[in-house]
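See structure below.
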Number of protein chains: 2
Amino acid sequence: MISTMMTQPLLVDDILKCAGRYYADVEIVTNMPDKSRHRTTYGEFAKRSTRLAQALTEAGLKREDRVATLCWNHHVHLEAYFGIPAANGVLHTLNLRLAPEDIAWIVNHAEDRFLIVDDVLLPLYEKFADQVNFERVFVVSLTDEGIPDGMESYEDFINGVDGEFELPAKEENDGCGMCYTSGTTGKPKGVLYSHRSTVLHAMAVSMPNNMNVSNHDTLLPVVPMFHANAWGMPYIATMCGAKQVFPGPHMDAESLLDLFEQENVNMAGGVPTIWMGITQALDAEPDRWKLPKMKMLVGGSAVPESMIRRFDQNGLEIVQGWGMTETSPLVSLSNLKPKFDDDSEDDRYARRATAGLPSPLVDVRIQDDDGTVLPWNNEDMGEIQVKGAWITGEYYNLPKSEDKFTDDGWLRTGDIARIDPEGYIHITDRTKDVIKSGGEWISSVQLENEIMAHEAVAEAAVIAQPDDKWGERPLAAVVRKSGQDVSADDLKTFLQDRLEKWMVPDDYVFIEEVPRTSTGKFNKLGLRQQLLK
Amino acid sequence: MISTMMTQPLLVDDILKCAGRYYADVEIVTNMPDKSRHRTTYGEFAKRSTRLAQALTEAGLKREDRVATLCWNHHVHLEAYFGIPAANGVLHTLNLRLAPEDIAWIVNHAEDRFLIVDDVLLPLYEKFADQVNFERVFVVSLTDEGIPDGMESYEDFINGVDGEFELPAKEENDGCGMCYTSGTTGKPKGVLYSHRSTVLHAMAVSMPNNMNVSNHDTLLPVVPMFHANAWGMPYIATMCGAKQVFPGPHMDAESLLDLFEQENVNMAGGVPTIWMGITQALDAEPDRWKLPKMKMLVGGSAVPESMIRRFDQNGLEIVQGWGMTETSPLVSLSNLKPKFDDDSEDDRYARRATAGLPSPLVDVRIQDDDGTVLPWNNEDMGEIQVKGAWITGEYYNLPKSEDKFTDDGWLRTGDIARIDPEGYIHITDRTKDVIKSGGEWISSVQLENEIMAHEAVAEAAVIAQPDDKWGERPLAAVVRKSGQDVSADDLKTFLQDRLEKWMVPDDYVFIEEVPRTSTGKFNKLGLRQQLLK
């Protein structure tokens, strides 16, 4: 190779240095458990993250050793996002919504050496403490509770070093972060991000065609920092010098709306359930909050078109993103190209409700059951497969399985989609959620969106039920809005104008709520067990 | 390394694919020699670039073989930017402003195998053809002139293949582009960009804190495509799906203004000389052009603050960039952080006239003559040194010299600067242009800016002249605006209010024009030879 360029690795360290140098006085704000606001700056944050790196190194942390966090979204968790990789360790964010025994299983599988835990989450930790074996446990004091015996104060830990520390040299492919997928089937699987993948993902997401983040923005990740690195938002904001606002443990709509208003948040990210709650709160008290012009990044599961319309009425722009833990997570975002400026309002909304346009440097394709790569048009549907520098190529410490990766090295996402000639991805289903009726595929996502467009419907989930004549037929589980009434016949009539006749479900059940996975997605497996005897 | 991420190389190929897939109908427009407009699209461009890659491969091009271009800025040059790297070759852009014997020297040093040359530049090629030995010469027909004997038609070359071609696999550190610095001293030196450095540079420059490029923009590189890859603009625009407009051989102010207006250009890049001409044309005929809201990226040499003010009066925003061929070229851009929103207008203009804030992933420092790294404040000045993934670590086929690289691997830029506590770089001089008067450094750049702020001055260049008492004193070479009169005494009086007393030059000479290097910079070496006997 004859290139004369320097061989400079892409490191999370560079993002940390950037914020500390150029944005030393930009704020990082946390809503604390008592609802007071903790305020710090990137200058302070950079010093404390470096102290954490030094303390971990002096505690014997070696290259790529795992350090677990069991924390809400807050400024100390942000220090862990940078201090652990800076020490050449791997940040392993534990999902506090999992069953304690699952958390324990994950800790043991990842061989985590240390734990950083919120004091308010110690009751959860106690539930699995006897099943794991951390060398040391550091407690983040968000309240005035003392530190239990056998544990240490996080503050004492990082204040026990002198802060004069040169970050250890590292390679860009060294691991820096780790997340386990919640895994609806089988055991959770670990994805291990590298410094390189984390930096490239942050750069790509910040680009104007994607999330468009600059030092003029204020970001609030509602998405937990234990879900795919809060979609990279902490890395992106820090790289760009954007103000960061963290909700702490307060994820209810009112607390979030207060934060949006008072901290002038103009970009937030979270799953649809969160935004559902936000709209309801705004509808209930339309004059209570004066919100800035905001962009909401929504992912995790499909956003119904009706929700995008409702938010627009409140001056809030929803941008749908698509990806998964395995993809860092951004694959695509539903921003509109300028050529659609003159399209009808309906067409524009329909396009904004897709999974969007893939980011540069991520390659996507669709493949049918026989392994044939399908063309991009308005008909062909297949499993969507992904390749790229921030896409996982395997799972941590697991043999490579054929049902997750193709022979030629693409990640099999398990989602069924078509890609239109413009490159927009239209997700129709999870592989396991497909309804095959009389040889035709029916998209449960499409049905759910159409049912949720009815004004009396709060939520709807559609599953396949066995049918003697058609093989499978859709069964719609519907949650009515409180105080509203709607019958199966009403819905059938409503849907007849909106769908092909054969797609309209014959069967409806009305339920109190749709069961959800720990990441807030519809738990269709649970729904099936509940409804199909 | 335990990361599970795919090992996916960063390749220019990905940018090419991106534009072909997602922006197939976005336009690429060229102002042809006869001033007709050639119009094509990214869809067509992607096919033709792939054909070029195939034709080169079938012609026997091997990994990292060099293919030279001697071309203006136009759509076929853009194909070469992508088709040559796609074939795993190295695009070597020849500077048509150099002396023919220097071009020949460079071609031979780079060992270029093929040449792609504009028909309108054949007279230049003929001047050095007998000193070089290209295997094949492909002529781009921009006019109706025929192809001379012994040369081939570029169109025939790329139409001689079937277009069904899978791009060869390559590594991200493979060379993809090459530029020689014009070198005021000694022979020109080659810088060889890699696929990796080119992609990272394009991503970084497109970010909102830097140039902020999206698919809503229309870019026009006035900077030649043979200067540091036209500052990466062709790669950036193609990655982002922005419309591209090329001036062809017409670099005069009127032709450019026509293009800006008629093609709705909102971003352009070029050296200050170009913009100087543009303001003069706008001042002369203020009602002739209706320009869109534009951002002008200006680099290559320092932009006087007065020019930024004048452009603002026309609704055109100047953003100053700093870098060099060795740095791909972006190191820093003079965008303002939001914290300066409330500063006085004067302070804001002063800051916009700096070399700006470094990009993420580029590391900068200043060092004094003894090799001591200096702090960032408002006093300390030293040589600015640079490190990063798109910075050269050596020169092509040359032994590594101490005056260009430090022992610990930083590029020595030869520019003297201070870096303020906010991280903004204030370039005060080229090392060799420093004026040391009575032990104090005087910045020739600062003097030039202040002199050019006088309304009767068109241009000014300041050099050091030997002085018995002070060691060195500044000598100002001043170009008056046509029809304007100004004396040495007038200037001295004017400057006394704006500078420290000891900095004001005692000596002034009035000249017709400042001599320039082939890249449009003030040729101070030439000026010294001319003025100091």
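Identifiers for the structure tokens are assigned positionally: chains receive A, B, ... in sequence, residues are indexed from 1 per chain, and ligands are indexed from 1 in the order shown.
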For chain B, list the residues within 6 Å of chain A, counting only C-alpha atoms, and write the list as a compact mmCIF listing (two decimals) with N, CA and C atoms, in the first residue's frame.
# COMPACT_ATOMS: atom_id res chain seq x y z
N MET B 1 -8.65 -9.02 19.94
CA MET B 1 -9.77 -8.09 19.84
C MET B 1 -11.09 -8.86 19.82
N ILE B 2 -12.00 -8.45 20.70
CA ILE B 2 -13.22 -9.23 20.89
C ILE B 2 -14.45 -8.57 20.27
N SER B 3 -14.26 -7.43 19.61
CA SER B 3 -15.41 -6.78 18.98
C SER B 3 -16.06 -7.73 17.98
N THR B 4 -17.40 -7.66 17.88
CA THR B 4 -18.11 -8.54 16.94
C THR B 4 -18.46 -7.83 15.64
N MET B 5 -18.00 -6.59 15.48
CA MET B 5 -18.36 -5.81 14.30
C MET B 5 -17.75 -6.39 13.02
N MET B 6 -18.46 -6.22 11.90
CA MET B 6 -17.93 -6.64 10.61
C MET B 6 -16.67 -5.85 10.29
N GLN B 8 -15.55 -4.15 7.66
CA GLN B 8 -16.00 -3.59 6.38
C GLN B 8 -15.11 -2.40 6.05
N TYR B 22 -29.52 6.05 -4.67
CA TYR B 22 -30.50 6.89 -3.96
C TYR B 22 -30.72 8.24 -4.63
N ASP B 174 -5.67 1.22 0.67
CA ASP B 174 -5.17 1.35 -0.70
C ASP B 174 -5.24 2.81 -1.13
N GLY B 175 -4.24 3.22 -1.89
CA GLY B 175 -4.24 4.57 -2.43
C GLY B 175 -5.41 4.78 -3.37
N LEU B 192 -0.46 11.09 -1.13
CA LEU B 192 -1.26 10.01 -1.68
C LEU B 192 -2.38 9.64 -0.71
N TYR B 193 -3.60 10.08 -1.06
CA TYR B 193 -4.77 9.80 -0.21
C TYR B 193 -5.19 8.35 -0.35
N SER B 194 -5.77 7.81 0.71
CA SER B 194 -6.30 6.44 0.66
C SER B 194 -7.82 6.49 0.57
N MET B 207 -20.44 17.24 7.97
CA MET B 207 -21.14 17.36 9.25
C MET B 207 -21.61 18.80 9.50
N PRO B 208 -22.73 18.94 10.22
CA PRO B 208 -23.32 20.27 10.41
C PRO B 208 -22.38 21.30 11.04
N ASN B 209 -21.48 20.89 11.92
CA ASN B 209 -20.54 21.85 12.50
C ASN B 209 -19.46 22.28 11.50
N SER B 214 -26.14 18.60 2.61
CA SER B 214 -27.19 17.58 2.53
C SER B 214 -27.69 17.47 1.10
N HIS B 216 -30.25 18.58 0.00
CA HIS B 216 -30.98 19.79 -0.38
C HIS B 216 -30.05 20.85 -1.01
N PRO B 338 -22.50 28.64 19.09
CA PRO B 338 -23.67 29.44 19.50
C PRO B 338 -23.35 30.41 20.64
N GLY B 388 -3.91 13.20 12.28
CA GLY B 388 -5.27 12.70 12.08
C GLY B 388 -5.35 11.71 10.93
N ALA B 389 -6.54 11.16 10.76
CA ALA B 389 -6.73 10.06 9.82
C ALA B 389 -6.70 10.52 8.36
N ILE B 391 -4.53 13.10 7.39
CA ILE B 391 -3.33 13.94 7.33
C ILE B 391 -2.17 13.08 6.82
N THR B 392 -1.35 13.64 5.94
CA THR B 392 -0.26 12.82 5.41
C THR B 392 0.82 12.63 6.47
N GLY B 393 1.41 11.46 6.49
CA GLY B 393 2.47 11.14 7.43
C GLY B 393 3.83 11.10 6.77
N GLU B 394 3.83 11.30 5.45
CA GLU B 394 5.09 11.31 4.69
C GLU B 394 4.78 11.81 3.28
N GLU B 422 -10.85 29.05 23.17
CA GLU B 422 -12.04 28.42 22.58
C GLU B 422 -11.69 27.41 21.51
N GLY B 423 -10.39 27.32 21.16
CA GLY B 423 -9.97 26.35 20.15
C GLY B 423 -9.85 26.93 18.75
Practice task
Apply DSSP to the structure's backbone, then extract all residues of stretch 123-206 of chain B labelled strand (DSSP E) and return them as a ChimeraX atom specification.
Solution key: /B:136-140,152-153,175-181,189-194
Handout entry: Atomic separation - atom CA of B:Leu94 relative to atom CA of B:Phe226, Å
Key =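 Taking atom CA of B:Phe226 as the start and atom CA of B:Leu94 as the end point, the length is 5.9 Å.
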Practice task
Do a neighbour search on B:His227 at 10 Å with only C-alpha atoms, toss out local chain neighbours closer than 3 positions, and write the hits as a PyMOL selection string.
Solution key: chain B and resi 93-95+179-182+223-224+230-232+300+324-325+328-329+519
With N, CA and C atoms kept, could you save the residues just selected as a tab-separated table (two decimals), in the first residue's frame?
chain	number	residue	atom	x	y	z
B	93	THR	N	-4.34	13.91	-10.21
B	93	THR	CA	-4.78	15.13	-10.86
B	93	THR	C	-3.59	16.05	-11.11
B	94	LEU	N	-3.33	16.36	-12.38
B	94	LEU	CA	-2.20	17.23	-12.71
B	94	LEU	C	-2.64	18.69	-12.69
B	95	ASN	N	-1.79	19.54	-12.14
B	95	ASN	CA	-2.07	20.97	-12.00
B	95	ASN	C	-1.72	21.68	-13.30
B	179	CYS	N	-1.98	14.04	-5.16
B	179	CYS	CA	-1.77	15.44	-5.50
B	179	CYS	C	-0.33	15.79	-5.16
B	180	TYR	N	0.29	16.60	-6.00
B	180	TYR	CA	1.60	17.13	-5.65
B	180	TYR	C	1.44	18.56	-5.13
B	181	THR	N	2.15	18.87	-4.06
B	181	THR	CA	2.14	20.25	-3.58
B	181	THR	C	2.99	21.06	-4.55
B	182	SER	N	2.60	22.33	-4.72
B	182	SER	CA	3.29	23.12	-5.73
B	182	SER	C	4.69	23.49	-5.25
B	223	VAL	N	-12.76	26.01	-6.82
B	223	VAL	CA	-11.41	25.47	-6.61
B	223	VAL	C	-11.21	24.33	-7.61
B	224	PRO	N	-10.07	24.35	-8.31
B	224	PRO	CA	-9.86	23.32	-9.34
B	224	PRO	C	-9.84	21.90	-8.77
B	230	ALA	N	-10.23	19.27	-5.11
B	230	ALA	CA	-11.25	20.34	-5.01
B	230	ALA	C	-11.81	20.36	-3.59
B	231	TRP	N	-10.90	20.25	-2.63
B	231	TRP	CA	-11.23	20.26	-1.19
B	231	TRP	C	-12.23	19.17	-0.81
B	232	GLY	N	-12.24	18.10	-1.61
B	232	GLY	CA	-13.15	16.98	-1.31
B	232	GLY	C	-14.58	17.23	-1.74
B	300	GLY	N	-7.16	28.36	1.04
B	300	GLY	CA	-5.99	28.53	0.19
B	300	GLY	C	-5.10	29.65	0.66
B	324	MET	N	-4.33	22.22	3.88
B	324	MET	CA	-3.36	22.22	2.80
B	324	MET	C	-3.46	20.86	2.10
B	325	THR	N	-2.80	20.73	0.98
B	325	THR	CA	-2.82	19.47	0.25
B	325	THR	C	-2.51	18.31	1.19
B	328	SER	N	-5.77	17.02	3.20
B	328	SER	CA	-6.93	16.45	2.47
B	328	SER	C	-8.00	17.38	1.92
B	329	PRO	N	-8.25	18.62	2.24
B	329	PRO	CA	-7.41	19.51	3.03
B	329	PRO	C	-8.02	19.99	4.34
B	519	THR	N	-1.28	28.13	-7.41
B	519	THR	CA	-2.52	27.84	-6.70
B	519	THR	C	-3.22	29.10	-6.26
Practice task
For stretch 496-511 of chain B, list every protein, DNA or RNA residue within 7 Å, evaluated using only C-alpha atoms, and leave out those in the same chain fewer than 3 positions away; present the list as a VMD selection string.
Solution key: chain B and resid 442 474 to 479 488 492 to 493
Could the residues in this selection be saved with all heavy atoms as a compact mmCIF listing (two decimals), in the first residue's frame?
# COMPACT_ATOMS: atom_id res chain seq x y z
N ILE B 442 5.95 40.11 14.13
CA ILE B 442 4.86 40.86 13.51
C ILE B 442 4.21 39.94 12.48
O ILE B 442 4.91 39.29 11.70
CB ILE B 442 5.37 42.14 12.82
CG1 ILE B 442 6.04 43.07 13.85
CG2 ILE B 442 4.21 42.89 12.15
CD1 ILE B 442 6.62 44.33 13.23
N PRO B 474 8.72 45.36 8.45
CA PRO B 474 7.79 45.04 7.36
C PRO B 474 7.91 46.00 6.18
O PRO B 474 8.13 47.21 6.38
CB PRO B 474 6.41 45.17 8.02
CG PRO B 474 6.61 46.02 9.22
CD PRO B 474 8.02 45.80 9.68
N LEU B 475 7.76 45.44 4.99
CA LEU B 475 7.66 46.23 3.77
C LEU B 475 6.33 45.87 3.12
O LEU B 475 6.05 44.70 2.86
CB LEU B 475 8.82 45.89 2.82
CG LEU B 475 8.70 46.43 1.39
CD1 LEU B 475 8.71 47.96 1.36
CD2 LEU B 475 9.84 45.89 0.51
N ALA B 476 5.50 46.90 2.89
CA ALA B 476 4.16 46.63 2.35
C ALA B 476 4.13 46.91 0.85
O ALA B 476 4.48 48.00 0.41
CB ALA B 476 3.13 47.49 3.06
N ALA B 477 3.71 45.90 0.08
CA ALA B 477 3.52 46.07 -1.35
C ALA B 477 2.01 46.19 -1.58
O ALA B 477 1.26 45.28 -1.26
CB ALA B 477 4.08 44.88 -2.12
N VAL B 478 1.60 47.33 -2.12
CA VAL B 478 0.18 47.66 -2.16
C VAL B 478 -0.30 47.84 -3.60
O VAL B 478 0.37 48.50 -4.40
CB VAL B 478 -0.08 48.96 -1.35
CG1 VAL B 478 -1.54 49.37 -1.43
CG2 VAL B 478 0.38 48.78 0.09
N VAL B 479 -1.45 47.24 -3.92
CA VAL B 479 -2.10 47.45 -5.22
C VAL B 479 -3.30 48.37 -4.98
O VAL B 479 -4.19 48.04 -4.20
CB VAL B 479 -2.58 46.11 -5.83
CG1 VAL B 479 -3.23 46.37 -7.19
CG2 VAL B 479 -1.43 45.13 -5.93
N ALA B 488 1.62 56.59 0.87
CA ALA B 488 2.21 55.90 2.02
C ALA B 488 1.80 56.59 3.31
O ALA B 488 1.45 55.92 4.30
CB ALA B 488 3.73 55.88 1.89
N LYS B 492 -0.15 55.02 6.54
CA LYS B 492 0.44 55.05 7.89
C LYS B 492 -0.55 55.63 8.90
O LYS B 492 -0.76 55.09 9.99
CB LYS B 492 1.74 55.88 7.87
CG LYS B 492 2.97 55.00 8.07
CD LYS B 492 4.22 55.80 8.33
CE LYS B 492 4.93 56.12 7.02
NZ LYS B 492 6.24 56.73 7.21
N THR B 493 -1.19 56.73 8.51
CA THR B 493 -2.19 57.35 9.39
C THR B 493 -3.35 56.38 9.64
O THR B 493 -3.81 56.20 10.77
CB THR B 493 -2.73 58.64 8.72
OG1 THR B 493 -1.63 59.40 8.26
CG2 THR B 493 -3.58 59.43 9.69
Practice task
Enumerate, as a VMD selection string, the complete set of residues in stretch 113-347 of chain A that a backbone-based DSSP assignment places in alpha helix (DSSP H).
Solution key: chain A and resid 122 to 128 154 to 159 195 to 206 228 to 231 233 to 240 253 to 262 272 to 284 305 to 313 345 to 347
